[in-house]
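K.L.:
Structure provided below as structure tokens; questions to follow.
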Amino acid sequence: MSVPQPQDGTPILELRGVDKHFGAIQVLHGVDLKVYPGQVTALVGDNGAGKSTLIKSIAGIHPIDGGQLLFEGKPVTVTGPRDSAALGIEVVYQDLALADNLDVVQNMFLGRERTKGILLDEASMEQAARDTLAKLSVRTLKSVRQLVSSLSGGQRQTVAIAKAVLWESKVVILDEPTAALGVAQTRQVLDLVRRLADTGHAVVFISHNMVDVFEVSDRIAALYLGRMAADVPISEVDRTRVVELITTGRSGDLGIEPAAVAEVGA
Amino acid sequence: MTSNTVSASTVEPGGAPSGFEADKGPDSVGAAVRGYVDKIRGGDLGALPAVLGIVVLTVLFYALRPETFLTPLNLTNLLVQAAPITLLAMGLVFVLLLGDIDLSAGVVSGVCAAVSAQLLAEQGVSWWVAILAALITGLVIGLVTGTLVGLIGIPSFVVTLALFLGLQGVTLRIIGQGGTVPIREPVIRGLTNEYVPVTGGWILAAVVVLLYAALQLNRWRVQRARGLASAPLGIVIARIAVIAVVTVVITAILSADRALSAAVELKGIPYAIPVVVVLLLVLTFVAGRTTFGRHVYAVGGNSEAARRAGINVTRIRILVFGLSSTMAAVSGLVAAARLSSVTPGSGGGNTLLYAVGAAVIGGTSLFGGRGRVRDAVLGGLVIAIIANGLGLLQVSAYLNFIITGGVLLLAATVDALARRRAAAAPR
């Protein structure tokens with residue numbers, strides 16, 4: 001189902017030994033992660049494993065305390081959301097952050113409106129929004145001038161993702177995009193996630209649902225209590241092993257050293 | 001992945017398979033009307049309650065006072081009565097769009113009018129200095145309010161309640177206990193007591209209609225040419241026709257001789273009306289066609305989303321309160337012109353209640369994110385019709401208060417129910 005990608009290519013985004021602590025509590029311990037263009041990297045882990053902290057670190061909301069962030073092979077510093085946006089990293093949060101009282105086009109361009117003089121350039125914005133949605137083969141919206149309040153959960157997720165794509169983003173991070181959706185809507189969103197990667201984006205996909213993960217992902221990164229247990233191509237693991245990695249941090253030859261597990265568990 | 005699974009799986013349950021078909025639909029007025037009915041059912045009532053209110057109240061008061069209510073003289077009075085309410089409400093619409101409230105707006109209009117009246121009376125400044133001083137006073141008060149709300153984070157309800165009390169003291173200090181400052185300056189008095197010559201009035205009316213028609217048709221043409229979402233031509237023309245008819249009817253009424261004695265001639269549009277129309281156009285433009293306006297709606301709809309989108313929410317709040325209080329100053333000047341004086345009580349009493357009522361009756365939500373500048377005009381007319389009609393019926397003051405308060409509560413109820421209905425609408 002996935003497009004074959006050279007595994008030896010340079011990752012567009014790479015984390016090396018990233019540490020993060022809040023006060024005395026260390027949340028991330030030397031986390032390594034590689035994200036490749038054209039691939040979906042699933043980020044999995046139990047509640048409290050540090051998934052949200054990790055993406056917020058990448059997004060600049062919680063800047064990292066130690067380690068390195070490399071973008072296109074070059075070390076970068078991200079100290080705020082604007083830095084990550086400037087690099088081409090877009091995060092689609094679980095609560096979506098759409099304004100219900102605005103329409104699809106207005107939401108997609110929120111904060112970055114196109115203008116002609118002091119006038120909003122509605123025609124050009126609507127055109128660009130349409131083009132982006134068409135590029136992602138979104139067929140579920142009746143009108144791009146529909147208010148977001150009238151959209152279903154899946155359609156909202158679609159708009160939020162399309163919004164991220166509109167900004168020539170290279171890395172799109174999706175925080176549990178299917179968590180609150182029904183079967184058909186999950187289907188739509190998964191298709192869209194796949195198309196994102198197929199159009200050359202590097203996608204980081206956070207999910208608790210193993211079925212979804214195995215359906216769309218090319219690589220899988222499992223966090224266990226703030227440590228990266230494994231970051232491997234999906235072909236190297238199966239569902240049982242991933243669940244093991246999530247719950248114990250180890251599975252066969254993969255995972256954190258038993259000593260480290262014991263230390264973390266203590 | 002095969003294209004087959006894409007097309008099969010992206011069909012929304014109960015939805016249609018193709019993309020954006022509603023944007024490319026046939027040019028059907030029927031479909032547009034059905035869309036409007038759906039919108040109303042979904043809880044978005046728009047201008048409907050206000051328009052119904054205007055019609056019902058007009059019929060009611062005409063039935064009760066057939067010999068006085070619909071005369072050109074009374075209708076002119078009514079429009080002049082509506083002007084300060086509408087101007088105040090126009091500024092409040094922006095504050096309400098944010099989901100905030102400005103309880104001090106009425107009192108601010110009083111302070112600004114007092115500053116300008118006192119400057120005219122004591123310093124003998126020219127009219128434009130007096131007007132500028134009032135506007136700047138309003139702007140400064142608004143920016144301070146906005147800073148307290150946006151930057152410090154005090155709820156707007158509390159900040160403006162404090163100002164509501166405090167600024168009454170300021171007006172009292174400026175005017176002096178029990179005093180009344182008359183306004184004799186002809187330009188400011190002329191806002192409500194001088195009239196545009198009849199020919200000039202008709203030219204103004206024609207300009208407004210033609211401008212509106214040109215803007216609407218041009219927008220429609222551009223949308224069609226580029227294959228964007230657009231209303232059917234029939235609807236666009238119907239909108240233009242409604243605006244044209246309303247403008248012509250009002251101009252005709254105001255151009256009729258309304259003098260009570262045959263010896264004098266009294267006709268033409270009071271200058272306050274073009275002021276309202278110009279500000280309506282300018283503020284509608286600001287709200288709908290500028291980045292600032294878009295951001296106001298966004299902050300009102302979801303301030304967290306606005307913040308994450310990089311919008312400076314604090315700046316928007318400060319500017320909106322500045323705008324609102326500046327409009328309060330304009331309203332205060334027109335009210336002062338109408339009464340030809342400023343008293344310590346100017347802008348107090350039911351001024352604010354009327355203006356908030358006007359905005360809400362017009363369709364602006366108290367919950368933020370929904371509303372238009374024109375709501376202030378429609379709602380302002382409803383309020384003015386009630387005040388004017390009850391005046392003609394010579395009902396006691398106490399009833400006047402109770403009825404107006406009741407109407408505001410009714411409008412707020414409709415707003416809250418519409419919101420619940422919208423929230424409960426199937427997704």
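Here, A, B, ... name the chains of the structure tokens in the order displayed, residue numbers run from 1 inside each chain, and ligands are numbered from 1 in the same displayed order.
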Mind checking DSSP for stretch 19-265 of chain A and telling me the strand (DSSP E) residues as a PyMOL selection string?

P.N.:
chain A and resi 19-22+25-35+40-45+66-71+74-76+89-92+115-116+119-120+171-175+202-206+219-224+227-233+250-251+254-255

K.L.:
May I have a table of the residues of chain A lying at most 8 Å from chain B, giving each one's closest pair of atoms and their distance in Å to one decimal, counting only C-alpha atoms, ordered by chain and ascending residue number, as a tab-separated table?

P.N.:
residue	atom	partner	partner_atom	distance
A:Met1	CA	B:Met1	CA	5.2
A:Ser2	CA	B:Met1	CA	7.5
A:Ala97	CA	B:Ala305	CA	4.3
A:Leu98	CA	B:Ala305	CA	5.7
A:Ala99	CA	B:Asn302	CA	5.0
A:Asp100	CA	B:Gly301	CA	6.0
A:Asn101	CA	B:Gly301	CA	5.5
A:Leu102	CA	B:Ala298	CA	7.1
A:Leu110	CA	B:Ala309	CA	6.1
A:Gly111	CA	B:Ala309	CA	5.0
A:Arg112	CA	B:Ala309	CA	7.8
A:Glu113	CA	B:Thr291	CA	6.8
A:Thr115	CA	B:Thr291	CA	7.8
A:Ile118	CA	B:Thr290	CA	6.2
A:Leu119	CA	B:Thr290	CA	5.2
A:Leu120	CA	B:Thr290	CA	5.4
A:Ala123	CA	B:Gln223	CA	6.9
A:Glu126	CA	B:Leu228	CA	7.0
A:Gln127	CA	B:Leu228	CA	7.1
A:Val138	CA	B:Gly19	CA	7.0
A:Arg139	CA	B:Gly19	CA	4.2
A:Thr140	CA	B:Glu12	CA	6.0
A:Leu141	CA	B:Phe20	CA	5.6
A:Lys142	CA	B:Phe20	CA	4.2
A:Ser143	CA	B:Phe20	CA	4.5
A:Val144	CA	B:Phe20	CA	6.7
A:Arg145	CA	B:Ala229	CA	6.9
A:Ser150	CA	B:Arg427	CA	6.0
A:Leu151	CA	B:Arg427	CA	5.7
A:Ser152	CA	B:Arg427	CA	4.7
A:Gly153	CA	B:Arg427	CA	7.7
A:Ala184	CA	B:Glu12	CA	7.1
A:Gln185	CA	B:Glu12	CA	7.3
A:Arg187	CA	B:Ser9	CA	6.5
A:Gln188	CA	B:Thr10	CA	5.1
A:Asp191	CA	B:Val6	CA	6.9

K.L.:
Would you pick out the contacts of B:Ala376 at 9 Å or less, using only C-alpha atoms, so that residues sharing its chain but fewer than 3 positions from it are not included, and give the list as a count of residues only?

P.N.:
24

K.L.:
Pick from B:Arg258, B:Ile250, B:Ile385, B:Ile402: nearest to B:Leu57, with only C-alpha atoms counted?

P.N.:
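Using only C-alpha atoms, B:Leu57 sits closest to B:Ile385.
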
K.L.:
Excluding same-chain residues fewer than 4 positions from stretch 8-15 of chain A, what lies within 8 Å of it counting only C-alpha atoms, as a VMD selection string?

P.N.:
chain A and resid 31 to 37 67 to 73 171 202
